[in-house]
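**Q** Sending over entry.txt (compact mmCIF, C-alpha atoms and all ligand atoms).
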```txt
# COMPACT_ATOMS: atom_id res chain seq x y z
CA MET A 1 -0.85 -160.38 -85.72
CA THR A 2 -3.32 -162.55 -87.63
CA GLY A 3 -6.63 -161.76 -89.28
CA THR A 4 -8.35 -163.45 -86.35
CA ASP A 5 -6.81 -160.92 -84.01
CA LEU A 6 -8.78 -158.12 -85.66
CA GLU A 7 -11.89 -159.88 -84.39
CA LYS A 8 -10.58 -159.26 -80.87
CA GLN A 9 -10.17 -155.54 -81.44
CA HIS A 10 -12.50 -152.74 -80.45
CA ALA A 11 -12.41 -149.59 -82.59
CA LEU A 12 -13.78 -146.28 -81.41
CA ILE A 13 -14.46 -144.00 -84.37
CA THR A 14 -15.30 -140.35 -83.75
CA GLY A 15 -17.64 -138.87 -86.34
CA GLY A 16 -18.51 -142.52 -87.06
CA GLY A 17 -22.09 -141.83 -88.14
CA THR A 18 -21.33 -140.09 -91.44
CA GLY A 19 -18.94 -139.80 -94.37
CA ILE A 20 -15.38 -141.04 -93.97
CA GLY A 21 -15.94 -142.24 -90.37
CA LEU A 22 -18.93 -144.38 -91.32
CA THR A 23 -17.09 -145.83 -94.31
CA ILE A 24 -14.14 -146.77 -92.07
CA ALA A 25 -16.66 -148.35 -89.68
CA ARG A 26 -18.05 -150.50 -92.51
CA GLU A 27 -14.55 -151.54 -93.61
CA LEU A 28 -13.48 -152.52 -90.07
CA ALA A 29 -16.82 -154.27 -89.42
CA ALA A 30 -16.20 -156.42 -92.49
CA ARG A 31 -12.97 -157.56 -90.80
CA GLY A 32 -14.78 -158.51 -87.60
CA VAL A 33 -13.77 -155.52 -85.46
CA ARG A 34 -16.16 -154.46 -82.66
CA LEU A 35 -17.17 -150.85 -83.08
CA THR A 36 -18.18 -147.84 -81.06
CA LEU A 37 -19.44 -144.97 -83.18
CA VAL A 38 -19.14 -141.60 -81.47
CA GLY A 39 -20.59 -138.22 -82.42
CA ARG A 40 -23.04 -135.60 -81.18
CA THR A 41 -26.10 -136.78 -83.13
CA LEU A 42 -27.22 -139.97 -81.38
CA ALA A 43 -30.12 -140.88 -83.69
CA ARG A 44 -27.83 -140.85 -86.74
CA LEU A 45 -25.20 -142.91 -84.92
CA GLN A 46 -27.82 -145.43 -83.79
CA GLN A 47 -29.09 -145.83 -87.33
CA ALA A 48 -25.54 -146.40 -88.57
CA ALA A 49 -24.73 -148.87 -85.78
CA LYS A 50 -27.93 -150.86 -86.41
CA ALA A 51 -26.75 -151.63 -89.93
CA LEU A 52 -23.38 -153.00 -88.76
CA PRO A 53 -22.47 -156.17 -86.84
CA ARG A 54 -21.08 -155.74 -83.30
CA ALA A 55 -21.51 -151.96 -83.41
CA GLN A 56 -22.80 -149.58 -80.76
CA ALA A 57 -23.59 -145.86 -80.82
CA VAL A 58 -22.47 -143.50 -78.06
CA ALA A 59 -23.13 -139.76 -78.08
CA ALA A 60 -20.24 -137.49 -77.14
CA ASP A 61 -18.70 -134.17 -78.02
CA VAL A 62 -14.98 -134.70 -78.68
CA THR A 63 -14.19 -131.16 -77.55
CA ASP A 64 -15.40 -131.94 -74.02
CA ALA A 65 -13.17 -134.10 -71.80
CA THR A 66 -16.04 -135.05 -69.45
CA SER A 67 -18.19 -136.13 -72.37
CA ILE A 68 -15.36 -138.30 -73.75
CA ALA A 69 -14.70 -139.93 -70.36
CA ALA A 70 -18.39 -140.83 -70.05
CA ALA A 71 -18.50 -142.16 -73.62
CA LEU A 72 -15.39 -144.27 -73.06
CA ALA A 73 -16.88 -145.76 -69.89
CA THR A 74 -20.04 -146.74 -71.80
CA ALA A 75 -18.06 -147.97 -74.81
CA THR A 76 -15.82 -150.29 -72.81
CA GLN A 77 -18.64 -151.72 -70.67
CA SER A 78 -19.94 -153.95 -73.45
CA HIS A 79 -17.08 -153.99 -75.97
CA GLY A 80 -13.97 -154.04 -73.73
CA PRO A 81 -10.96 -151.70 -73.89
CA VAL A 82 -10.50 -149.60 -77.01
CA SER A 83 -7.57 -150.91 -79.07
CA ILE A 84 -8.14 -148.87 -82.23
CA LEU A 85 -8.93 -145.14 -82.12
CA VAL A 86 -9.92 -143.33 -85.29
CA ASN A 87 -9.87 -139.58 -84.65
CA ASN A 88 -12.11 -138.63 -87.54
CA ALA A 89 -14.47 -135.96 -86.11
CA GLY A 90 -13.74 -132.69 -87.82
CA ALA A 91 -15.20 -129.57 -89.33
CA ALA A 92 -14.04 -126.93 -91.79
CA GLN A 93 -15.21 -123.39 -92.38
CA ALA A 94 -13.92 -121.49 -95.38
CA VAL A 95 -13.36 -117.95 -94.12
CA PRO A 96 -10.75 -115.41 -95.34
CA PHE A 97 -8.12 -114.96 -92.66
CA LEU A 98 -8.95 -111.34 -91.84
CA GLU A 99 -12.61 -112.32 -91.31
CA THR A 100 -11.79 -115.33 -89.14
CA SER A 101 -13.29 -114.63 -85.71
CA LEU A 102 -11.72 -115.99 -82.56
CA ALA A 103 -14.84 -118.17 -82.16
CA VAL A 104 -14.32 -119.80 -85.60
CA TRP A 105 -10.61 -120.23 -84.83
CA ASN A 106 -11.30 -121.85 -81.44
CA ASP A 107 -14.10 -124.10 -82.74
CA THR A 108 -11.92 -125.33 -85.59
CA ILE A 109 -8.91 -126.05 -83.38
CA ASN A 110 -11.14 -127.67 -80.75
CA VAL A 111 -12.86 -130.19 -82.98
CA ASN A 112 -9.98 -131.05 -85.34
CA LEU A 113 -7.06 -130.99 -82.90
CA THR A 114 -8.06 -130.79 -79.23
CA GLY A 115 -10.64 -133.56 -79.79
CA ALA A 116 -7.91 -135.89 -81.03
CA PHE A 117 -5.69 -134.93 -78.06
CA LEU A 118 -8.49 -135.68 -75.58
CA CYS A 119 -9.52 -138.98 -77.18
CA ALA A 120 -5.91 -140.18 -77.49
CA GLN A 121 -5.21 -139.30 -73.86
CA ALA A 122 -8.32 -141.23 -72.81
CA VAL A 123 -7.51 -144.48 -74.63
CA LEU A 124 -3.69 -144.64 -74.57
CA PRO A 125 -3.33 -146.00 -71.00
CA GLY A 126 -5.47 -149.02 -72.00
CA MET A 127 -3.51 -149.54 -75.22
CA ARG A 128 -0.24 -149.33 -73.33
CA ALA A 129 -1.44 -151.91 -70.79
CA ALA A 130 -2.49 -154.23 -73.64
CA LYS A 131 0.83 -153.59 -75.45
CA TRP A 132 -1.07 -153.09 -78.70
CA GLY A 133 -2.92 -150.18 -80.19
CA ARG A 134 -3.60 -148.28 -83.37
CA ILE A 135 -4.39 -144.57 -83.56
CA ILE A 136 -5.42 -143.22 -86.93
CA ASN A 137 -5.87 -139.47 -87.20
CA ILE A 138 -7.91 -138.29 -90.15
CA ALA A 139 -6.02 -135.14 -91.09
CA SER A 140 -6.14 -133.79 -94.65
CA VAL A 141 -3.95 -132.52 -97.45
CA ALA A 142 -4.48 -129.33 -95.42
CA GLY A 143 -2.29 -131.00 -92.77
CA VAL A 144 0.75 -131.07 -95.00
CA THR A 145 0.47 -127.94 -97.14
CA GLY A 146 -1.21 -124.53 -97.00
CA TYR A 147 -4.46 -123.42 -98.66
CA ALA A 148 -5.77 -119.85 -98.80
CA GLY A 149 -9.09 -119.06 -97.14
CA VAL A 150 -9.06 -121.89 -94.58
CA ALA A 151 -6.24 -120.86 -92.23
CA ALA A 152 -7.84 -122.20 -89.04
CA TYR A 153 -8.50 -125.62 -90.62
CA VAL A 154 -5.00 -125.79 -92.13
CA ALA A 155 -3.46 -124.83 -88.77
CA ALA A 156 -5.57 -127.44 -86.93
CA LYS A 157 -4.73 -130.22 -89.38
CA HIS A 158 -1.00 -129.31 -89.32
CA GLY A 159 -1.30 -129.54 -85.53
CA LEU A 160 -2.89 -132.97 -85.88
CA VAL A 161 0.03 -134.12 -88.03
CA GLY A 162 2.43 -132.83 -85.34
CA LEU A 163 0.49 -134.64 -82.63
CA THR A 164 0.66 -137.82 -84.74
CA ARG A 165 4.44 -137.60 -85.02
CA SER A 166 4.98 -136.96 -81.32
CA LEU A 167 2.68 -139.73 -80.12
CA ALA A 168 4.20 -142.16 -82.63
CA LEU A 169 7.60 -141.68 -80.97
CA GLU A 170 6.34 -141.55 -77.39
CA PHE A 171 4.44 -144.86 -77.65
CA ALA A 172 6.60 -146.70 -80.19
CA LYS A 173 7.90 -149.14 -77.56
CA ASP A 174 4.37 -150.03 -76.44
CA GLY A 175 3.21 -151.86 -79.56
CA ILE A 176 1.20 -148.80 -80.56
CA THR A 177 1.37 -147.06 -83.92
CA VAL A 178 0.04 -143.57 -84.60
CA ASN A 179 -0.48 -142.38 -88.16
CA ALA A 180 -2.39 -139.73 -90.05
CA LEU A 181 -4.39 -140.13 -93.23
CA CYS A 182 -4.45 -137.01 -95.38
CA PRO A 183 -7.20 -137.13 -98.00
CA GLY A 184 -7.87 -134.52 -100.65
CA TYR A 185 -11.47 -133.51 -101.35
CA THR A 186 -13.51 -136.61 -100.57
CA GLU A 187 -17.14 -137.35 -101.57
CA THR A 188 -18.93 -136.61 -98.26
CA ASP A 189 -21.21 -133.95 -96.76
CA MET A 190 -18.07 -131.87 -96.11
CA ALA A 191 -17.23 -131.84 -99.83
CA ALA A 192 -20.90 -131.09 -100.60
CA ALA A 193 -20.64 -128.04 -98.32
CA ALA A 194 -17.44 -126.96 -100.09
CA ILE A 195 -19.21 -127.31 -103.46
CA ALA A 196 -22.15 -125.23 -102.18
CA ASN A 197 -19.68 -122.61 -100.94
CA VAL A 198 -17.92 -122.39 -104.32
CA ARG A 199 -21.32 -122.12 -106.08
CA ALA A 200 -22.41 -119.29 -103.79
CA LYS A 201 -19.15 -117.38 -104.09
CA LYS A 202 -18.48 -117.83 -107.84
CA GLY A 203 -22.06 -118.18 -109.16
CA VAL A 204 -21.24 -121.42 -111.01
CA SER A 205 -23.24 -124.63 -111.52
CA GLU A 206 -22.83 -127.66 -109.27
CA GLU A 207 -20.94 -129.44 -112.05
CA GLU A 208 -18.56 -126.50 -112.50
CA ALA A 209 -17.99 -126.18 -108.74
CA ARG A 210 -17.28 -129.90 -108.48
CA ALA A 211 -14.82 -129.65 -111.39
CA MET A 212 -13.08 -126.73 -109.66
CA LEU A 213 -12.53 -128.82 -106.53
CA ALA A 214 -11.48 -131.87 -108.55
CA ALA A 215 -9.02 -129.70 -110.53
CA LYS A 216 -6.68 -129.66 -107.51
CA ASN A 217 -6.29 -133.44 -107.84
CA PRO A 218 -3.97 -134.43 -110.75
CA GLN A 219 -6.36 -137.34 -111.41
CA LYS A 220 -9.16 -134.73 -111.77
CA ARG A 221 -11.60 -136.42 -109.42
CA LEU A 222 -12.77 -136.39 -105.83
CA ILE A 223 -11.57 -139.17 -103.54
CA ALA A 224 -14.01 -141.94 -102.62
CA PRO A 225 -14.37 -142.44 -98.83
CA GLU A 226 -13.73 -146.15 -99.47
CA GLU A 227 -10.15 -145.25 -100.47
CA VAL A 228 -9.54 -143.65 -97.08
CA ALA A 229 -11.21 -146.60 -95.33
CA ALA A 230 -8.97 -149.09 -97.18
CA ALA A 231 -5.88 -147.24 -95.89
CA ALA A 232 -7.29 -147.23 -92.33
CA ALA A 233 -7.97 -150.97 -92.48
CA TRP A 234 -4.43 -151.58 -93.74
CA LEU A 235 -3.00 -149.63 -90.78
CA CYS A 236 -5.00 -151.87 -88.40
CA GLY A 237 -4.19 -155.15 -90.09
CA PRO A 238 -1.14 -157.41 -90.21
CA GLY A 239 2.00 -156.19 -91.96
CA SER A 240 1.77 -152.49 -91.18
CA GLN A 241 3.36 -152.49 -87.72
CA SER A 242 6.42 -150.56 -88.96
CA ILE A 243 4.29 -147.76 -90.40
CA ASN A 244 4.47 -145.21 -87.59
CA GLY A 245 4.29 -141.42 -87.41
CA GLN A 246 3.43 -141.16 -91.10
CA SER A 247 1.09 -138.78 -92.86
CA ILE A 248 -0.26 -140.76 -95.76
CA VAL A 249 -1.61 -138.51 -98.48
CA ILE A 250 -4.60 -139.88 -100.40
CA ALA A 251 -5.06 -137.30 -103.11
CA GLY A 252 -4.01 -138.61 -106.53
CA GLY A 253 -0.64 -136.83 -106.31
CA GLU A 254 -1.99 -133.39 -105.30
CA VAL A 255 0.61 -133.05 -102.56
CA MET A 256 3.98 -134.76 -102.27
CA PRO A 257 5.34 -133.91 -98.81
P1 LIG B 1 -18.67 -135.18 -92.19
O1 LIG B 1 -19.57 -136.20 -92.77
O2 LIG B 1 -19.16 -133.79 -92.00
O3 LIG B 1 -18.10 -135.77 -90.83
C1 LIG B 1 -17.77 -135.03 -89.71
C2 LIG B 1 -18.16 -135.88 -88.51
O4 LIG B 1 -17.61 -135.32 -87.34
C3 LIG B 1 -19.68 -135.97 -88.32
O5 LIG B 1 -20.05 -137.32 -88.15
C4 LIG B 1 -19.93 -135.18 -87.05
O6 LIG B 1 -21.01 -135.75 -86.31
C5 LIG B 1 -18.59 -135.35 -86.32
N1 LIG B 1 -18.34 -134.25 -85.40
C6 LIG B 1 -18.21 -132.93 -85.71
N2 LIG B 1 -18.00 -132.22 -84.59
C7 LIG B 1 -17.98 -133.12 -83.56
C8 LIG B 1 -17.79 -133.00 -82.16
N3 LIG B 1 -17.58 -131.81 -81.57
N4 LIG B 1 -17.84 -134.13 -81.41
C9 LIG B 1 -18.05 -135.34 -81.99
N5 LIG B 1 -18.21 -135.51 -83.30
C10 LIG B 1 -18.18 -134.41 -84.08
O7 LIG B 1 -17.37 -135.02 -93.10
P2 LIG B 1 -16.23 -136.04 -93.55
O8 LIG B 1 -15.77 -135.53 -94.85
O9 LIG B 1 -16.63 -137.46 -93.40
O10 LIG B 1 -15.09 -135.66 -92.49
C11 LIG B 1 -14.44 -136.60 -91.68
C12 LIG B 1 -13.00 -136.15 -91.44
O11 LIG B 1 -12.29 -136.15 -92.69
C13 LIG B 1 -12.85 -134.74 -90.88
O12 LIG B 1 -11.86 -134.72 -89.89
C14 LIG B 1 -12.39 -133.92 -92.09
O13 LIG B 1 -11.64 -132.80 -91.72
C15 LIG B 1 -11.57 -134.95 -92.82
N6 LIG B 1 -11.38 -134.66 -94.24
C16 LIG B 1 -12.46 -134.55 -95.08
C17 LIG B 1 -12.24 -134.25 -96.42
C18 LIG B 1 -13.39 -134.10 -97.40
O14 LIG B 1 -13.17 -133.51 -98.47
N7 LIG B 1 -14.57 -134.61 -97.12
C19 LIG B 1 -10.94 -134.12 -96.90
C20 LIG B 1 -9.87 -134.24 -96.00
C21 LIG B 1 -10.10 -134.53 -94.68
P3 LIG B 1 -22.00 -134.85 -85.38
O15 LIG B 1 -22.27 -133.60 -86.15
O16 LIG B 1 -23.17 -135.73 -85.16
O17 LIG B 1 -21.22 -134.62 -84.13
```
Would it be possible to restate this file's structure as structure tokens?

**A**
Amino acid sequence: MTGTDLEKQHALITGGGTGIGLTIARELAARGVRLTLVGRTLARLQQAAKALPRAQAVAADVTDATSIAAALATATQSHGPVSILVNNAGAAQAVPFLETSLAVWNDTINVNLTGAFLCAQAVLPGMRAAKWGRIINIASVAGVTGYAGVAAYVAAKHGLVGLTRSLALEFAKDGITVNALCPGYTETDMAAAAIANVRAKKGVSEEEARAMLAAKNPQKRLIAPEEVAAAAAWLCGPGSQSINGQSIVIAGGEVMP
């Protein structure tokens, strides 16, 4: 595959209007990839798409198969079949296990795991027909090790890593690779929510809360979304076709699976 080939690709990025998803969108746009940004908040997606070349915004809820099918139909109308899927939509709620309601459990599994299942199932027939595809699942360090107080999220992200491994094997002969990226705490709204949560629970300053999150990372810092985006771009570009079924941890050495 050559650099020019990336200009022929169409990436669908769930949660593409904010944080890690938007940063991946910028990185792929810089390489000429056509983009469909998917999420529930259309105005935010439209604003993001307007600032990028060859990008369109499509509203969809990844937990709803009908919504995904409609979004995919719209996405492919102008941009052609999806050849790169970034399953990035996700959400985390920090709740002690014994206080985790079934609703929180189901919501967390639905957005972080079932969403990826539904989106992958929707785009894989097209990738298989084209004999080329890239699926990048944005998991987390919580996909490869346990953390107290976020059992539903950890279970969902471990599930996403399992899905990654299975799909990698099932579609290996079709020119498709499936990998997971596993960042530690990354500078986005999600990390801001985690910082607010620590402040509320421990009564510490923003700086102290940030330092507590960064303390998990041996480099004592939060990850920049650009670092995750660089890994995603590498998985789409030339030279990474043998990287398949991997969970690539981006966390300064926090976890060594
Ligand atoms: P974020 O800015 O909160 O991004 C979450 C995105 O998911 C939003 O754009 C949101 O858009 C979308 N989304 C949520 N529910 C959705 C649904 N049902 N259907 C469609 N889209 C939905 O946080 P982020 O940090 O960039 O998170 C991106 C991914 O990275 C997540 O999977 C997260 O678990 C993972 N991650 C984050 C960190 C971190 O510390 N930030 C670390 C490891 C992994 P709408 O609300 O408009 O739908």

**Q** Find the residues near ligand LIG 1 (chain B). Use a cut-off of 7 Å, count only C-alpha atoms and all ligand atoms, and write them as a PyMOL selection string.

**A** chain A and resi 14-21+38-42+60-63+88-92+111-112+138-141+182-191

**Q** Can you spit out the residues from that selection as a PDB file, in the frame of the given file, using C-alpha atoms?

**A**
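Result file is result-v6.pdb:
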```
ATOM      1  CA  THR A  14     -15.300-140.350 -83.750  1.00  0.00           C
ATOM      2  CA  GLY A  15     -17.640-138.870 -86.340  1.00  0.00           C
ATOM      3  CA  GLY A  16     -18.510-142.520 -87.060  1.00  0.00           C
ATOM      4  CA  GLY A  17     -22.090-141.830 -88.140  1.00  0.00           C
ATOM      5  CA  THR A  18     -21.330-140.090 -91.440  1.00  0.00           C
ATOM      6  CA  GLY A  19     -18.940-139.800 -94.370  1.00  0.00           C
ATOM      7  CA  ILE A  20     -15.380-141.040 -93.970  1.00  0.00           C
ATOM      8  CA  GLY A  21     -15.940-142.240 -90.370  1.00  0.00           C
ATOM      9  CA  VAL A  38     -19.140-141.600 -81.470  1.00  0.00           C
ATOM     10  CA  GLY A  39     -20.590-138.220 -82.420  1.00  0.00           C
ATOM     11  CA  ARG A  40     -23.040-135.600 -81.180  1.00  0.00           C
ATOM     12  CA  THR A  41     -26.100-136.780 -83.130  1.00  0.00           C
ATOM     13  CA  LEU A  42     -27.220-139.970 -81.380  1.00  0.00           C
ATOM     14  CA  ALA A  60     -20.240-137.490 -77.140  1.00  0.00           C
ATOM     15  CA  ASP A  61     -18.700-134.170 -78.020  1.00  0.00           C
ATOM     16  CA  VAL A  62     -14.980-134.700 -78.680  1.00  0.00           C
ATOM     17  CA  THR A  63     -14.190-131.160 -77.550  1.00  0.00           C
ATOM     18  CA  ASN A  88     -12.110-138.630 -87.540  1.00  0.00           C
ATOM     19  CA  ALA A  89     -14.470-135.960 -86.110  1.00  0.00           C
ATOM     20  CA  GLY A  90     -13.740-132.690 -87.820  1.00  0.00           C
ATOM     21  CA  ALA A  91     -15.200-129.570 -89.330  1.00  0.00           C
ATOM     22  CA  ALA A  92     -14.040-126.930 -91.790  1.00  0.00           C
ATOM     23  CA  VAL A 111     -12.860-130.190 -82.980  1.00  0.00           C
ATOM     24  CA  ASN A 112      -9.980-131.050 -85.340  1.00  0.00           C
ATOM     25  CA  ILE A 138      -7.910-138.290 -90.150  1.00  0.00           C
ATOM     26  CA  ALA A 139      -6.020-135.140 -91.090  1.00  0.00           C
ATOM     27  CA  SER A 140      -6.140-133.790 -94.650  1.00  0.00           C
ATOM     28  CA  VAL A 141      -3.950-132.520 -97.450  1.00  0.00           C
ATOM     29  CA  CYS A 182      -4.450-137.010 -95.380  1.00  0.00           C
ATOM     30  CA  PRO A 183      -7.200-137.130 -98.000  1.00  0.00           C
ATOM     31  CA  GLY A 184      -7.870-134.520-100.650  1.00  0.00           C
ATOM     32  CA  TYR A 185     -11.470-133.510-101.350  1.00  0.00           C
ATOM     33  CA  THR A 186     -13.510-136.610-100.570  1.00  0.00           C
ATOM     34  CA  GLU A 187     -17.140-137.350-101.570  1.00  0.00           C
ATOM     35  CA  THR A 188     -18.930-136.610 -98.260  1.00  0.00           C
ATOM     36  CA  ASP A 189     -21.210-133.950 -96.760  1.00  0.00           C
ATOM     37  CA  MET A 190     -18.070-131.870 -96.110  1.00  0.00           C
ATOM     38  CA  ALA A 191     -17.230-131.840 -99.830  1.00  0.00           C
TER      39      ALA A 191
END
```

**Q** Excluding segment 120-133 of chain A and any residue of its chain fewer than 3 positions from it, enumerate the residues within 10 Å of it, using all atoms listed in the file, and give them as an MDAnalysis selection string.

**A** chainID A and resid 9:12 65 68:69 72 81:87 114:117 136:137 163 167 171 173:178 236

**Q** Which is closest to Val161 of chain A among A:Val249, A:Gly80, A:Trp105, A:Cys119, if we use only C-alpha atoms?

**A**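 Using only C-alpha atoms, Val161 of chain A sits closest to A:Val249.
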
**Q** What lies within 9 Å of Leu235 of chain A using only C-alpha atoms, ignoring chain neighbours under 3 positions off, as a list in words?

**A**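 My reading of the contact set: Arg134, Ile135, Ile136, Thr177, Asn179, Ala230, Ala231, Ala232, Pro238, Gly239, Ser240, Gln241 and Ile243 of chain A.
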
**Q** By how many Å are atom CA of Arg34 of chain A and atom CA of Gln56 of chain A apart?

**A**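 So the two atoms, atom CA of Arg34 of chain A and atom CA of Gln56 of chain A, lie 8.5 Å apart.
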
**Q** Between A:Arg31, A:Ala193, A:Ala25, A:Asp64, single out the one closest to Asp107 of chain A, counting all atoms listed in the file.

**A**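 Using all atoms listed in the file, Asp107 of chain A sits closest to A:Asp64.
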
**Q** Considering all atoms listed in the file, state which residue in the set A:Leu181, A:Ala59, A:Ala229, A:Ala30 is at the smallest distance from Ala73 of chain A.

**A** A:Ala59

**Q** May I have the protein, DNA and RNA residues with any atom at most 8 Å from the point (-26.4, -144.5, -86.1), counting all atoms listed in the file, written as an NGL selection string?

**A** :A and (17 or 37 or 42-50 or 57)

**Q** Compute the distance from (-8.5, -135.8, -105.5) to each atom, counting all atoms listed in the file, keep the residues with any atom at most 12 Å away, and return them as an NGL selection string; use the coordinates of the file.

**A** :A and (140-141 or 182-187 or 191 or 210-225 or 227-228 or 249-255)

**Q** Rounded to one decimal, what separation in Å do you get between atom CA of Ile109 of chain A and atom CA of Ala94 of chain A?

**A**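 For atom CA of Ile109 of chain A relative to atom CA of Ala94 of chain A, the distance reads 13.8 Å.
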
**Q** Under the rule that only C-alpha atoms are counted, which of A:Gln246, A:Gln93, A:Asn110, A:Thr66 is the nearest residue to Ala156 of chain A?

**A**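 The closest residue to Ala156 of chain A is A:Asn110.
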